[in-house]
Amino acid sequence: MLRLGAALVCLLAALPARAEIVTRFPAAGKVVALTFDGCEGKGKPAWLDPAIVAALEREGVPATLFVTGLFARRNAAELARLAASPLIEVENHSWDHPQHMERLTAEQALAQVADADAAIAAVTGRVPRFFRFPAGHYDAATLAAVEGTGHRVVHWSWESGDPSPGLDPARLKSWVLSKARGGDILIFHINGRAPATARALPEMLAELKRRGFTFVRLDQALP
């Protein structure tokens, strides 16, 4: 059970009843949002996948990166460069990727958000608007607490499954192309632990474009 301090109880009582997870956005036509998670936990160094970065830049495709504070600190120079372009926004994926934030105390959960905000802002010059729970795990109290910080919680429309060991790039491409619909929020990983994504992405982007899809960052898609 999440332990709530008296101050947080008052905060939750004052919150609007909006608490929700965004998994789609309003779209007129074939517009999708590409999102990439940069996960790094304690003792597990992770770096930006240069092949994914190169594909996005070569194709001029906008995307949203959800990164942990540890990942932002480790990849500071490259993230700063990306965030300075109009293609990339960088958002909050917790400080060190606890798999179950609903098991944290209220103070620990809020620290995960605040510490990552600070690390990301130090690198990009911009405080994140959006938050994504590690592994998608949360409960009502944790969701309300995160929204109480002013962040909007954004997950994904359906899982790509790209971290699966041994995933064939052709299978990943086929799955994504069969599922993509206007208004979808697509999720992939950019932390070097989803090799199929780096190999499938160029052809995937080319085929989506051929089918008439365009791409937006989340801050362009969500009010």
# chains A, B, ... in the order shown; residues from 1 in each chain; ligands from 1
call {"tool": "closest_atom_pairs", "arguments": {"of": "region 33-77 of chain A", "to": "region 99-106 of chain A", "cutoff": "12 Å", "atoms": "only C-alpha atoms", "output": "Markdown table"}}
result
| residue | atom | partner | partner_atom | distance |
| --- | --- | --- | --- | --- |
| A:Cys39 | CA | A:Gln99 | CA | 10.7 |
| A:Glu40 | CA | A:Gln99 | CA | 11.2 |
| A:Gly41 | CA | A:Gln99 | CA | 9.4 |
| A:Lys42 | CA | A:Gln99 | CA | 11.6 |
call {"tool": "residues_around", "arguments": {"residues": "Ala77 (chain A)", "least_positions_apart": "3", "cutoff": "12 Å", "atoms": "only C-alpha atoms", "output": "VMD selection string"}}
result
chain A and resid 47 to 48 71 to 74 80 to 84 120 122 to 124
call {"tool": "residues_around", "arguments": {"residues": "His155 (chain A)", "least_positions_apart": "3", "cutoff": "8 Å", "atoms": "only C-alpha atoms", "output": "PDB file with C-alpha atoms, in the first residue's frame"}}
result
ATOM      1  CA  ILE A  21      -3.371   7.886 -19.003  1.00  0.00           C
ATOM      2  CA  VAL A  22      -3.149   9.305 -22.524  1.00  0.00           C
ATOM      3  CA  THR A  23      -2.782   6.529 -25.101  1.00  0.00           C
ATOM      4  CA  ARG A 132       5.700   7.930 -18.718  1.00  0.00           C
ATOM      5  CA  PHE A 133       5.640   5.301 -15.972  1.00  0.00           C
ATOM      6  CA  GLY A 136       3.612   1.175 -17.572  1.00  0.00           C
ATOM      7  CA  ILE A 185       1.245   6.863 -30.032  1.00  0.00           C
TER       8      ILE A 185
END
call {"tool": "closest_residue", "arguments": {"among": "A:Ser85, A:Thr197, A:Ser160, A:Thr149", "to": "Ala111 (chain A)", "atoms": "only C-alpha atoms"}}
result
A:Thr149
call {"tool": "select_by_dssp", "arguments": {"residues": "region 89-163 of chain A", "states": "helix (DSSP H, G or I)", "output": "ChimeraX atom specification"}}
result
/A:101-103,106-124,134-136,140-148
call {"tool": "residues_around", "arguments": {"residues": "Arg24 (chain A)", "least_positions_apart": "4", "cutoff": "12 Å", "atoms": "only C-alpha atoms", "output": "list in words"}}
result
Glu20, Val31, Val32, Ala33, Leu34, Val153, Val154, His155, Trp156, Ser157, Trp158, Ala180, Arg181, Gly182, Gly183, Asp184, Ile185, Leu186, Ile187, Leu218, Ala221 and Leu222 of chain A
call {"tool": "write_last_selection", "arguments": {"atoms": "C-alpha atoms", "output": "mmCIF file, in the first residue's frame"}}
result
data_model
loop_
_atom_site.group_PDB
_atom_site.id
_atom_site.type_symbol
_atom_site.label_atom_id
_atom_site.label_comp_id
_atom_site.auth_asym_id
_atom_site.auth_seq_id
_atom_site.Cartn_x
_atom_site.Cartn_y
_atom_site.Cartn_z
ATOM 1 C CA GLU A 20 -5.993 9.454 -16.804
ATOM 2 C CA VAL A 31 -0.839 11.232 -38.208
ATOM 3 C CA VAL A 32 1.162 9.250 -35.633
ATOM 4 C CA ALA A 33 3.532 10.145 -32.819
ATOM 5 C CA LEU A 34 6.790 8.227 -32.575
ATOM 6 C CA VAL A 153 0.943 11.014 -18.190
ATOM 7 C CA VAL A 154 1.387 9.545 -21.670
ATOM 8 C CA HIS A 155 1.816 5.865 -22.459
ATOM 9 C CA TRP A 156 1.187 4.221 -25.868
ATOM 10 C CA SER A 157 -1.594 2.937 -28.092
ATOM 11 C CA TRP A 158 -0.196 -0.611 -28.365
ATOM 12 C CA ALA A 180 -0.657 1.849 -37.231
ATOM 13 C CA ARG A 181 -3.696 4.124 -37.332
ATOM 14 C CA GLY A 182 -4.088 7.890 -37.221
ATOM 15 C CA GLY A 183 -3.817 9.192 -33.659
ATOM 16 C CA ASP A 184 -1.590 6.338 -32.476
ATOM 17 C CA ILE A 185 1.245 6.863 -30.032
ATOM 18 C CA LEU A 186 3.939 4.365 -31.026
ATOM 19 C CA ILE A 187 6.514 3.121 -28.524
ATOM 20 C CA LEU A 218 3.678 14.797 -28.565
ATOM 21 C CA ALA A 221 -0.298 16.567 -30.817
ATOM 22 C CA LEU A 222 -1.580 17.088 -27.286
#
call {"tool": "select_by_dssp", "arguments": {"residues": "region 43-213 of chain A", "states": "strand (DSSP E)", "output": "list of chain:residue names"}}
result
A:Ala63, A:Thr64, A:Leu65, A:Phe66, A:Val67, A:Ile88, A:Glu89, A:Val90, A:Glu91, A:Asn92, A:Phe130, A:Phe131, A:Arg152, A:Val153, A:Ile185, A:Leu186, A:Ile187, A:Phe188, A:His189
call {"tool": "residues_around", "arguments": {"residues": "Asn92 (chain A)", "least_positions_apart": "2", "cutoff": "9 Å", "atoms": "only C-alpha atoms", "output": "NGL selection string"}}
result
:A and (65-69 or 90 or 94-95 or 113 or 116-117 or 120 or 127-133 or 151)
call {"tool": "closest_residue", "arguments": {"among": "A:Ile52, A:Ala76, A:Ile190, A:Ala109", "to": "Met204 (chain A)", "atoms": "only C-alpha atoms"}}
result
A:Ile52
call {"tool": "closest_residue", "arguments": {"among": "A:Ala54, A:Leu110, A:Ala144, A:Val61", "to": "Lys209 (chain A)", "atoms": "only C-alpha atoms"}}
result
A:Val61
call {"tool": "atom_distance", "arguments": {"atom1": "CA of Ser164 (chain A)", "atom2": "CA of Arg193 (chain A)"}}
result
9.0 Å
call {"tool": "decode", "arguments": {"residues": "region 79-102 of chain A", "atoms": "N, CA and C atoms", "output": "PDB file, in the first residue's frame"}}
result
ATOM      1  N   LEU A  79      21.971  14.352 -26.145  1.00  0.00           N
ATOM      2  CA  LEU A  79      20.595  14.790 -25.907  1.00  0.00           C
ATOM      3  C   LEU A  79      20.469  16.308 -26.057  1.00  0.00           C
ATOM      4  N   ALA A  80      21.472  17.032 -25.594  1.00  0.00           N
ATOM      5  CA  ALA A  80      21.439  18.490 -25.750  1.00  0.00           C
ATOM      6  C   ALA A  80      21.423  18.865 -27.223  1.00  0.00           C
ATOM      7  N   ARG A  81      22.221  18.171 -28.018  1.00  0.00           N
ATOM      8  CA  ARG A  81      22.247  18.441 -29.456  1.00  0.00           C
ATOM      9  C   ARG A  81      20.895  18.139 -30.088  1.00  0.00           C
ATOM     10  N   LEU A  82      20.301  16.998 -29.743  1.00  0.00           N
ATOM     11  CA  LEU A  82      19.014  16.617 -30.321  1.00  0.00           C
ATOM     12  C   LEU A  82      17.911  17.578 -29.903  1.00  0.00           C
ATOM     13  N   ALA A  83      17.900  17.942 -28.617  1.00  0.00           N
ATOM     14  CA  ALA A  83      16.843  18.812 -28.110  1.00  0.00           C
ATOM     15  C   ALA A  83      16.901  20.210 -28.711  1.00  0.00           C
ATOM     16  N   ALA A  84      18.054  20.590 -29.239  1.00  0.00           N
ATOM     17  CA  ALA A  84      18.189  21.909 -29.865  1.00  0.00           C
ATOM     18  C   ALA A  84      17.592  21.939 -31.260  1.00  0.00           C
ATOM     19  N   SER A  85      17.258  20.749 -31.812  1.00  0.00           N
ATOM     20  CA  SER A  85      16.661  20.685 -33.139  1.00  0.00           C
ATOM     21  C   SER A  85      15.148  20.746 -33.013  1.00  0.00           C
ATOM     22  N   PRO A  86      14.444  21.085 -34.097  1.00  0.00           N
ATOM     23  CA  PRO A  86      12.973  21.104 -34.046  1.00  0.00           C
ATOM     24  C   PRO A  86      12.361  19.709 -34.115  1.00  0.00           C
ATOM     25  N   LEU A  87      13.171  18.684 -34.302  1.00  0.00           N
ATOM     26  CA  LEU A  87      12.637  17.334 -34.470  1.00  0.00           C
ATOM     27  C   LEU A  87      12.342  16.633 -33.146  1.00  0.00           C
ATOM     28  N   ILE A  88      13.117  16.912 -32.119  1.00  0.00           N
ATOM     29  CA  ILE A  88      13.106  16.075 -30.917  1.00  0.00           C
ATOM     30  C   ILE A  88      12.669  16.847 -29.679  1.00  0.00           C
ATOM     31  N   GLU A  89      11.755  16.261 -28.926  1.00  0.00           N
ATOM     32  CA  GLU A  89      11.464  16.746 -27.574  1.00  0.00           C
ATOM     33  C   GLU A  89      11.864  15.633 -26.595  1.00  0.00           C
ATOM     34  N   VAL A  90      12.255  16.033 -25.397  1.00  0.00           N
ATOM     35  CA  VAL A  90      12.718  15.084 -24.382  1.00  0.00           C
ATOM     36  C   VAL A  90      11.814  15.182 -23.165  1.00  0.00           C
ATOM     37  N   GLU A  91      11.256  14.043 -22.754  1.00  0.00           N
ATOM     38  CA  GLU A  91      10.289  14.011 -21.662  1.00  0.00           C
ATOM     39  C   GLU A  91      10.734  13.051 -20.550  1.00  0.00           C
ATOM     40  N   ASN A  92       9.947  13.011 -19.472  1.00  0.00           N
ATOM     41  CA  ASN A  92      10.333  12.386 -18.206  1.00  0.00           C
ATOM     42  C   ASN A  92       9.888  10.917 -18.139  1.00  0.00           C
ATOM     43  N   HIS A  93      10.847  10.039 -17.835  1.00  0.00           N
ATOM     44  CA  HIS A  93      10.577   8.599 -17.689  1.00  0.00           C
ATOM     45  C   HIS A  93      11.065   8.095 -16.323  1.00  0.00           C
ATOM     46  N   SER A  94      11.083   8.998 -15.330  1.00  0.00           N
ATOM     47  CA  SER A  94      11.521   8.726 -13.950  1.00  0.00           C
ATOM     48  C   SER A  94      13.029   8.931 -13.814  1.00  0.00           C
ATOM     49  N   TRP A  95      13.513   8.870 -12.605  1.00  0.00           N
ATOM     50  CA  TRP A  95      14.947   9.059 -12.362  1.00  0.00           C
ATOM     51  C   TRP A  95      15.755   7.817 -12.724  1.00  0.00           C
ATOM     52  N   ASP A  96      15.362   6.647 -12.179  1.00  0.00           N
ATOM     53  CA  ASP A  96      16.175   5.444 -12.412  1.00  0.00           C
ATOM     54  C   ASP A  96      15.343   4.213 -12.757  1.00  0.00           C
ATOM     55  N   HIS A  97      14.163   4.435 -13.329  1.00  0.00           N
ATOM     56  CA  HIS A  97      13.345   3.366 -13.910  1.00  0.00           C
ATOM     57  C   HIS A  97      12.948   2.270 -12.921  1.00  0.00           C
ATOM     58  N   PRO A  98      12.344   2.611 -11.787  1.00  0.00           N
ATOM     59  CA  PRO A  98      11.801   1.557 -10.919  1.00  0.00           C
ATOM     60  C   PRO A  98      10.647   0.866 -11.630  1.00  0.00           C
ATOM     61  N   GLN A  99      10.669  -0.459 -11.674  1.00  0.00           N
ATOM     62  CA  GLN A  99       9.671  -1.194 -12.449  1.00  0.00           C
ATOM     63  C   GLN A  99       8.258  -1.041 -11.899  1.00  0.00           C
ATOM     64  N   HIS A 100       8.142  -0.739 -10.620  1.00  0.00           N
ATOM     65  CA  HIS A 100       6.816  -0.626 -10.002  1.00  0.00           C
ATOM     66  C   HIS A 100       6.775   0.625  -9.124  1.00  0.00           C
ATOM     67  N   MET A 101       6.488   1.767  -9.722  1.00  0.00           N
ATOM     68  CA  MET A 101       6.433   2.990  -8.936  1.00  0.00           C
ATOM     69  C   MET A 101       5.293   2.979  -7.934  1.00  0.00           C
ATOM     70  N   GLU A 102       4.267   2.148  -8.193  1.00  0.00           N
ATOM     71  CA  GLU A 102       3.155   2.068  -7.248  1.00  0.00           C
ATOM     72  C   GLU A 102       3.575   1.450  -5.918  1.00  0.00           C
TER      73      GLU A 102
END
